[in-house]
Every structure is written in C-alpha cells, then in structure tokens.
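Q: For reference, the file target.cif (mmCIF, C-alpha atoms) is included below:
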data_input
loop_
_atom_site.group_PDB
_atom_site.id
_atom_site.type_symbol
_atom_site.label_atom_id
_atom_site.label_comp_id
_atom_site.auth_asym_id
_atom_site.auth_seq_id
_atom_site.Cartn_x
_atom_site.Cartn_y
_atom_site.Cartn_z
ATOM 1 C CA ALA A 8 -10.045 8.823 -42.735
ATOM 2 C CA GLU A 9 -11.269 8.212 -39.178
ATOM 3 C CA SER A 10 -8.097 6.259 -38.355
ATOM 4 C CA HIS A 11 -5.584 8.768 -39.670
ATOM 5 C CA GLY A 12 -7.413 12.082 -39.454
ATOM 6 C CA ALA A 13 -6.121 15.054 -37.515
ATOM 7 C CA GLY A 14 -6.498 15.019 -33.762
ATOM 8 C CA ILE A 15 -7.227 12.290 -31.257
ATOM 9 C CA ARG A 16 -10.697 11.136 -32.291
ATOM 10 C CA GLY A 17 -12.438 8.127 -33.727
ATOM 11 C CA THR A 18 -12.709 4.570 -32.439
ATOM 12 C CA VAL A 19 -10.006 2.260 -31.124
ATOM 13 C CA ARG A 20 -10.647 -1.424 -30.413
ATOM 14 C CA VAL A 21 -8.696 -2.919 -27.495
ATOM 15 C CA THR A 22 -8.641 -6.587 -26.546
ATOM 16 C CA ALA A 23 -7.500 -8.141 -23.270
ATOM 17 C CA SER A 24 -8.161 -11.112 -21.027
ATOM 18 C CA ASP A 25 -11.242 -11.117 -18.790
ATOM 19 C CA VAL A 26 -9.345 -10.346 -15.587
ATOM 20 C CA VAL A 27 -7.212 -7.577 -17.098
ATOM 21 C CA GLY A 28 -10.220 -6.086 -18.873
ATOM 22 C CA VAL A 29 -12.421 -6.039 -15.777
ATOM 23 C CA GLU A 30 -9.941 -5.439 -12.961
ATOM 24 C CA VAL A 31 -7.039 -3.468 -14.484
ATOM 25 C CA LEU A 32 -8.025 -1.535 -17.618
ATOM 26 C CA PRO A 33 -11.150 0.437 -16.545
ATOM 27 C CA PRO A 34 -9.311 3.185 -14.586
ATOM 28 C CA ILE A 35 -6.713 3.418 -17.370
ATOM 29 C CA ILE A 36 -9.458 3.823 -19.970
ATOM 30 C CA ALA A 37 -11.166 6.429 -17.771
ATOM 31 C CA GLN A 38 -7.914 8.394 -17.757
ATOM 32 C CA LEU A 39 -7.693 8.025 -21.542
ATOM 33 C CA GLN A 40 -11.224 9.429 -21.897
ATOM 34 C CA GLN A 41 -10.376 12.434 -19.737
ATOM 35 C CA MET A 42 -7.317 13.158 -21.855
ATOM 36 C CA HIS A 43 -9.071 12.594 -25.202
ATOM 37 C CA PRO A 44 -12.844 13.104 -24.897
ATOM 38 C CA ASP A 45 -13.418 12.642 -28.652
ATOM 39 C CA LEU A 46 -11.957 9.131 -28.559
ATOM 40 C CA LYS A 47 -14.276 6.117 -28.482
ATOM 41 C CA VAL A 48 -13.067 2.801 -27.047
ATOM 42 C CA GLU A 49 -14.312 -0.688 -27.843
ATOM 43 C CA LEU A 50 -13.135 -3.132 -25.171
ATOM 44 C CA VAL A 51 -13.157 -6.792 -26.206
ATOM 45 C CA LEU A 52 -12.647 -9.267 -23.372
ATOM 46 C CA THR A 53 -11.509 -12.731 -24.349
ATOM 47 C CA ASN A 54 -8.803 -15.186 -23.365
ATOM 48 C CA ARG A 55 -8.482 -16.095 -27.037
ATOM 49 C CA VAL A 56 -5.561 -14.397 -28.785
ATOM 50 C CA GLN A 57 -7.227 -12.169 -31.361
ATOM 51 C CA ASP A 58 -5.463 -11.714 -34.688
ATOM 52 C CA LEU A 59 -4.266 -8.146 -35.072
ATOM 53 C CA LEU A 60 -3.139 -8.850 -38.625
ATOM 54 C CA LYS A 61 -6.767 -9.574 -39.540
ATOM 55 C CA ARG A 62 -7.760 -6.391 -37.678
ATOM 56 C CA GLU A 63 -9.915 -8.196 -35.116
ATOM 57 C CA ALA A 64 -8.600 -5.508 -32.769
ATOM 58 C CA ASP A 65 -6.333 -2.472 -32.996
ATOM 59 C CA ILE A 66 -4.411 -2.982 -29.754
ATOM 60 C CA ALA A 67 -3.990 -6.121 -27.653
ATOM 61 C CA VAL A 68 -2.793 -6.778 -24.113
ATOM 62 C CA ARG A 69 -1.201 -10.226 -24.261
ATOM 63 C CA MET A 70 0.331 -12.518 -21.665
ATOM 64 C CA THR A 71 2.671 -14.119 -24.205
ATOM 65 C CA GLN A 72 5.258 -12.610 -26.511
ATOM 66 C CA PRO A 73 3.709 -12.139 -29.967
ATOM 67 C CA LYS A 74 5.268 -14.240 -32.720
ATOM 68 C CA GLN A 75 3.655 -12.530 -35.696
ATOM 69 C CA GLU A 76 5.589 -10.148 -37.870
ATOM 70 C CA LEU A 77 4.198 -6.728 -38.800
ATOM 71 C CA LEU A 78 3.306 -6.043 -35.183
ATOM 72 C CA ILE A 79 4.612 -3.333 -32.879
ATOM 73 C CA ALA A 80 5.219 -5.038 -29.551
ATOM 74 C CA ARG A 81 6.306 -3.484 -26.271
ATOM 75 C CA ARG A 82 7.125 -5.599 -23.244
ATOM 76 C CA VAL A 83 5.147 -4.051 -20.401
ATOM 77 C CA GLY A 84 6.565 -6.085 -17.538
ATOM 78 C CA VAL A 85 5.747 -9.152 -15.487
ATOM 79 C CA VAL A 86 2.494 -9.986 -13.732
ATOM 80 C CA LYS A 87 3.230 -11.925 -10.570
ATOM 81 C CA LEU A 88 0.809 -14.685 -9.592
ATOM 82 C CA GLY A 89 0.446 -16.302 -6.213
ATOM 83 C CA LEU A 90 -1.685 -18.452 -3.948
ATOM 84 C CA HIS A 91 -4.279 -16.452 -2.045
ATOM 85 C CA ALA A 92 -7.098 -17.023 0.399
ATOM 86 C CA HIS A 93 -9.540 -14.839 2.296
ATOM 87 C CA THR A 94 -8.898 -14.361 6.011
ATOM 88 C CA ARG A 95 -12.344 -15.814 6.677
ATOM 89 C CA TYR A 96 -11.311 -19.110 5.074
ATOM 90 C CA LEU A 97 -7.964 -19.185 6.897
ATOM 91 C CA GLN A 98 -9.587 -18.493 10.253
ATOM 92 C CA GLN A 99 -11.836 -21.504 9.755
ATOM 93 C CA TYR A 100 -9.408 -23.978 8.181
ATOM 94 C CA GLY A 101 -5.943 -22.755 9.143
ATOM 95 C CA THR A 102 -3.039 -21.384 7.134
ATOM 96 C CA PRO A 103 -0.843 -23.771 5.114
ATOM 97 C CA THR A 104 2.853 -23.523 5.911
ATOM 98 C CA SER A 105 4.089 -25.741 3.059
ATOM 99 C CA LEU A 106 2.984 -26.931 -0.370
ATOM 100 C CA ALA A 107 2.260 -30.339 1.150
ATOM 101 C CA ASP A 108 -0.306 -28.707 3.457
ATOM 102 C CA LEU A 109 -2.384 -27.698 0.423
ATOM 103 C CA ALA A 110 -3.622 -31.287 0.158
ATOM 104 C CA GLN A 111 -5.667 -30.628 3.311
ATOM 105 C CA HIS A 112 -7.368 -27.522 1.902
ATOM 106 C CA ALA A 113 -10.134 -26.613 -0.534
ATOM 107 C CA LEU A 114 -8.353 -25.566 -3.708
ATOM 108 C CA ILE A 115 -9.831 -23.477 -6.530
ATOM 109 C CA GLY A 116 -8.507 -24.308 -9.986
ATOM 110 C CA PHE A 117 -9.032 -25.004 -13.657
ATOM 111 C CA ASP A 118 -11.409 -27.395 -15.386
ATOM 112 C CA GLU A 119 -9.695 -27.798 -18.776
ATOM 113 C CA GLU A 120 -5.915 -27.968 -19.060
ATOM 114 C CA THR A 121 -4.056 -25.404 -21.142
ATOM 115 C CA ALA A 122 -0.425 -25.291 -22.247
ATOM 116 C CA TYR A 123 0.342 -22.841 -19.417
ATOM 117 C CA VAL A 124 -1.399 -25.035 -16.861
ATOM 118 C CA ARG A 125 0.549 -28.099 -18.002
ATOM 119 C CA ALA A 126 3.824 -26.177 -17.772
ATOM 120 C CA ALA A 127 3.008 -24.952 -14.256
ATOM 121 C CA ALA A 128 2.003 -28.446 -13.143
ATOM 122 C CA LYS A 129 5.498 -29.717 -13.927
ATOM 123 C CA SER A 130 6.903 -27.445 -11.225
ATOM 124 C CA PHE A 131 3.939 -27.806 -8.867
ATOM 125 C CA PRO A 132 2.454 -31.293 -9.278
ATOM 126 C CA ILE A 133 0.037 -30.695 -6.412
ATOM 127 C CA TRP A 134 -1.784 -28.182 -8.641
ATOM 128 C CA ASN A 135 -3.799 -30.708 -10.651
ATOM 129 C CA ARG A 136 -7.441 -31.030 -11.608
ATOM 130 C CA ASP A 137 -8.223 -33.889 -9.229
ATOM 131 C CA ALA A 138 -7.092 -31.810 -6.247
ATOM 132 C CA PHE A 139 -9.558 -28.969 -6.811
ATOM 133 C CA ALA A 140 -12.688 -28.575 -4.693
ATOM 134 C CA VAL A 141 -14.035 -26.037 -7.207
ATOM 135 C CA ARG A 142 -13.151 -26.066 -10.910
ATOM 136 C CA THR A 143 -13.705 -23.260 -13.388
ATOM 137 C CA ASP A 144 -11.830 -22.018 -16.439
ATOM 138 C CA SER A 145 -12.974 -18.457 -15.798
ATOM 139 C CA ASP A 146 -10.231 -16.414 -14.160
ATOM 140 C CA LEU A 147 -12.866 -13.942 -13.018
ATOM 141 C CA ALA A 148 -14.844 -16.719 -11.350
ATOM 142 C CA GLN A 149 -11.724 -18.019 -9.616
ATOM 143 C CA LEU A 150 -10.987 -14.528 -8.309
ATOM 144 C CA ALA A 151 -14.576 -14.152 -7.087
ATOM 145 C CA LEU A 152 -14.401 -17.521 -5.322
ATOM 146 C CA ILE A 153 -11.173 -16.544 -3.560
ATOM 147 C CA ARG A 154 -12.738 -13.263 -2.456
ATOM 148 C CA ALA A 155 -15.819 -15.135 -1.201
ATOM 149 C CA GLY A 156 -13.722 -17.393 1.037
ATOM 150 C CA SER A 157 -14.414 -20.544 -0.941
ATOM 151 C CA GLY A 158 -10.824 -21.788 -0.769
ATOM 152 C CA ILE A 159 -7.249 -21.217 -1.891
ATOM 153 C CA GLY A 160 -6.580 -20.176 -5.475
ATOM 154 C CA ILE A 161 -4.168 -18.413 -7.796
ATOM 155 C CA CYS A 162 -4.601 -14.758 -8.694
ATOM 156 C CA GLN A 163 -2.511 -11.732 -9.581
ATOM 157 C CA VAL A 164 -0.555 -10.496 -6.576
ATOM 158 C CA ALA A 165 -1.221 -6.841 -7.423
ATOM 159 C CA LEU A 166 -4.974 -7.471 -7.591
ATOM 160 C CA ALA A 167 -5.051 -9.322 -4.289
ATOM 161 C CA ALA A 168 -3.055 -6.526 -2.636
ATOM 162 C CA ARG A 169 -6.018 -4.201 -3.149
ATOM 163 C CA ASN A 170 -8.044 -6.258 -0.664
ATOM 164 C CA PRO A 171 -6.569 -6.354 2.866
ATOM 165 C CA ASP A 172 -8.618 -9.496 3.603
ATOM 166 C CA LEU A 173 -6.772 -11.531 0.960
ATOM 167 C CA VAL A 174 -3.590 -13.214 2.185
ATOM 168 C CA HIS A 175 -0.679 -14.128 -0.092
ATOM 169 C CA LEU A 176 0.290 -17.680 0.882
ATOM 170 C CA LEU A 177 3.676 -19.388 0.481
ATOM 171 C CA PRO A 178 5.133 -16.616 -1.714
ATOM 172 C CA GLY A 179 8.569 -18.187 -1.766
ATOM 173 C CA SER A 180 7.311 -21.669 -2.629
ATOM 174 C CA PHE A 181 4.857 -20.877 -5.420
ATOM 175 C CA PRO A 182 6.364 -18.202 -7.692
ATOM 176 C CA LEU A 183 4.552 -17.862 -11.028
ATOM 177 C CA GLU A 184 4.869 -15.007 -13.507
ATOM 178 C CA LEU A 185 3.205 -13.921 -16.729
ATOM 179 C CA GLU A 186 5.201 -11.780 -19.144
ATOM 180 C CA THR A 187 2.922 -9.057 -20.503
ATOM 181 C CA TRP A 188 3.075 -7.364 -23.906
ATOM 182 C CA LEU A 189 1.199 -4.511 -25.562
ATOM 183 C CA THR A 190 0.870 -4.912 -29.327
ATOM 184 C CA MET A 191 -0.663 -3.287 -32.377
ATOM 185 C CA HIS A 192 -0.321 -3.556 -36.166
ATOM 186 C CA GLU A 193 2.610 -1.546 -37.501
ATOM 187 C CA ASP A 194 0.310 0.138 -40.048
ATOM 188 C CA LEU A 195 -1.323 1.954 -37.121
ATOM 189 C CA ARG A 196 1.864 3.597 -35.854
ATOM 190 C CA ASN A 197 0.868 6.881 -37.555
ATOM 191 C CA SER A 198 -2.730 6.772 -36.344
ATOM 192 C CA PRO A 199 -3.160 9.496 -33.669
ATOM 193 C CA ARG A 200 -5.975 7.592 -31.932
ATOM 194 C CA CYS A 201 -4.001 4.346 -31.734
ATOM 195 C CA LYS A 202 -0.719 5.948 -30.726
ATOM 196 C CA ALA A 203 -2.417 7.919 -27.931
ATOM 197 C CA THR A 204 -4.258 4.836 -26.691
ATOM 198 C CA PHE A 205 -1.125 2.673 -26.888
ATOM 199 C CA ASP A 206 0.897 5.200 -24.862
ATOM 200 C CA VAL A 207 -1.719 5.598 -22.109
ATOM 201 C CA LEU A 208 -2.257 1.839 -21.846
ATOM 202 C CA LEU A 209 1.483 1.261 -21.612
ATOM 203 C CA GLN A 210 1.937 3.808 -18.825
ATOM 204 C CA GLY A 211 -1.084 2.546 -16.907
ATOM 205 C CA LEU A 212 -0.109 -1.108 -17.129
ATOM 206 C CA GLN A 213 3.478 -0.365 -16.128
ATOM 207 C CA ALA A 214 2.207 1.508 -13.076
ATOM 208 C CA TYR A 215 -0.035 -1.427 -12.177
ATOM 209 C CA MET A 216 2.873 -3.863 -12.426
ATOM 210 C CA GLY A 217 5.338 -1.582 -10.719
ATOM 211 C CA SER A 218 7.580 -1.705 -13.794
#
Mind converting the file's structure to structure tokens?
A:
Amino acid sequence: AESHGAGIRGTVRVTASDVVGVEVLPPIIAQLQQMHPDLKVELVLTNRVQDLLKREADIAVRMTQPKQELLIARRVGVVKLGLHAHTRYLQQYGTPTSLADLAQHALIGFDEETAYVRAAAKSFPIWNRDAFAVRTDSDLAQLALIRAGSGIGICQVALAARNPDLVHLLPGSFPLELETWLTMHEDLRNSPRCKATFDVLLQGLQAYMGS
C-alpha cells in the first residue's frame, strides 16, 4: 500500500557507490525532498552490486550495465576518470609530462585488484600495486588523499573540477571511463515514489555528467 498508494509518499531505498553517494547524490536528493516533502529516502552506500531482484534496494546507480532480466535500466552517461594531483604536491615535486614520469612520483592506488583494475592495467601497466606509495581500496580515501596533496591518483574528472587546486594530469594519455546506469525492478514502474525518484536521479546524474 505504501509503495503504490496515491501521491508521492513513502520510502524509497537507493544504493550507490561510496563516492557517488557522498559526492554526487546529496544535492540531487535535496532537490527530490523539496519537490516531494512526504518522500523518505534510504541511501545505501556500497561498492557491492546489490540485488534489486531480491529487493535489497529499490533503485541502484551502477557503473556497469545490468545483466539481470526484470530490471528497468537507463544508461545515464559516462563518468570520465583521470589522473589528478593537488597544486601543493605539484609545486613540491613537479608536474609529470608523460606516463613514464609517473615512476618518479608518489602514486595513490588500490590495495586489492578487481576485474576493472586488471582491465585498466593492461592499457596502463605503470598503474600497478607495487608502484603505489599509498594503497587503499576506498575510493573516498583515495579522493581525500589527492585533495590533501599526498600524491597523484585517479578520480572523477567532474569531481576534481569542483576544486580549482586539483590539476588534471596527462588527460590525453590516461583516458578512463565508467559507463553509468540507473536501474530498478520493473514491478516498481507504477510506484509513484519510485518513478519520481528515478526521474529526479536520472536528470541530476545526467547534469553532473554533462550528458
């Protein structure tokens, strides 16, 4: 009854990665609350792909195309990734002018390999665990380390652009992209709360990505 009742009210559960949930979604959710004050939002932050078919969440922001059937999936656009460093770090250690120069710098990277990391390493062999001065599997921690001037790391280009002290390095030599999808169970297509949330999230994410 709460899911399919009249009006935009009730609870909707949204899941996203840590970085998207902390850095991208809050202003979009604030807009959603202004538009629909009777709507309650549960925001679940995890890099694990939650199963919408098992109703672990109503709506998911995913960085891979969903393979499951019975899901409504909309391609939002592409998140561009790039190498970034704080001006404070570059003033002290210099600015790399080639990928080979990265070997002389403090790099911020992963601790445990993932399928995406292994795929990226094939194109950029210099980006390997042994080369990193700081290792963490938390994307939020990597972003914080870049902002603190700890070294050179990978983050979303649109996020870094918000901080004038972060410099996008070697943009033509290190192009990485993440295809982004917004998904929900097809049984929720007639739920006013889910449809309203889906539409606002889609518009907000497209604006963020410049889609």
Q: Run the PyMOL selection byres ((chain A and resi 79) around 8) mentally over the shown coordinates, then write out the matched residues as a list in words, using the chain letters and numbers from the document.
A: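 Applying the PyMOL selection byres ((chain A and resi 79) around 8) to the structure shown produces Leu77, Leu78, Ala80, Arg81, Thr190, Met191, His192 and Glu193 of chain A.
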Q: Nearest to A:Gly17: which of A:Ser105, A:Thr204, A:Gln210, A:Ser130 is it, counting only C-alpha atoms?
A: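 Looking at the shortest contact to A:Gly17, the residue is A:Thr204.
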Q: Can you find the residues with an atom no farther than 8 Å from (-13.8, -6.9, -24.7), counting only C-alpha atoms, and report them as a VMD selection string?
A: chain A and resid 21 to 25 28 49 to 53
Q: Do you know which residues the PyMOL selection byres ((chain A and resi 27) around 12) returns on this file, as a ChimeraX atom specification?
A: /A:21-26,28-36,50-54,67-70,86,146-147,150,162-163,165-166,187,208,211-212,215-216
Q: Can you spell out as a VMD selection string the set of residues that the PyMOL selection byres ((chain A and resi 156) around 8) selects in the structure I just provided?
A: chain A and resid 92 to 96 152 to 155 157 to 158
Q: From the set A:Ala203, A:Ala127, A:Leu90, A:Ile15, which residue has the shortest atom-to-atom contact distance to A:Leu176, counting all atoms listed in the file?
A: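 Among A:Ala203, A:Ala127, A:Leu90, A:Ile15, it is A:Leu90 that comes nearest to A:Leu176.
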Q: One decimal, in Å: what's the spacing between atom CA of A:Pro199 and atom CA of A:Gln40?
A: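 One can read the atom CA of A:Pro199 to atom CA of A:Gln40 distance as 14.3 Å.
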Q: Report the distance between atom CA of A:Leu195 and atom CA of A:Asp45 in Å, rounded to one decimal place.
A: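 Atom-to-atom, atom CA of A:Leu195 and atom CA of A:Asp45 are spaced 18.2 Å apart.
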Q: Env of A:Thr104: 10 Å cut, atoms = only C-alpha atoms, seq-sep filter 2 positions within chain, self excluded. Answer as JSON, numbers by chain.
A: {"A": [101, 102, 106, 107, 108, 109, 176, 177, 180]}
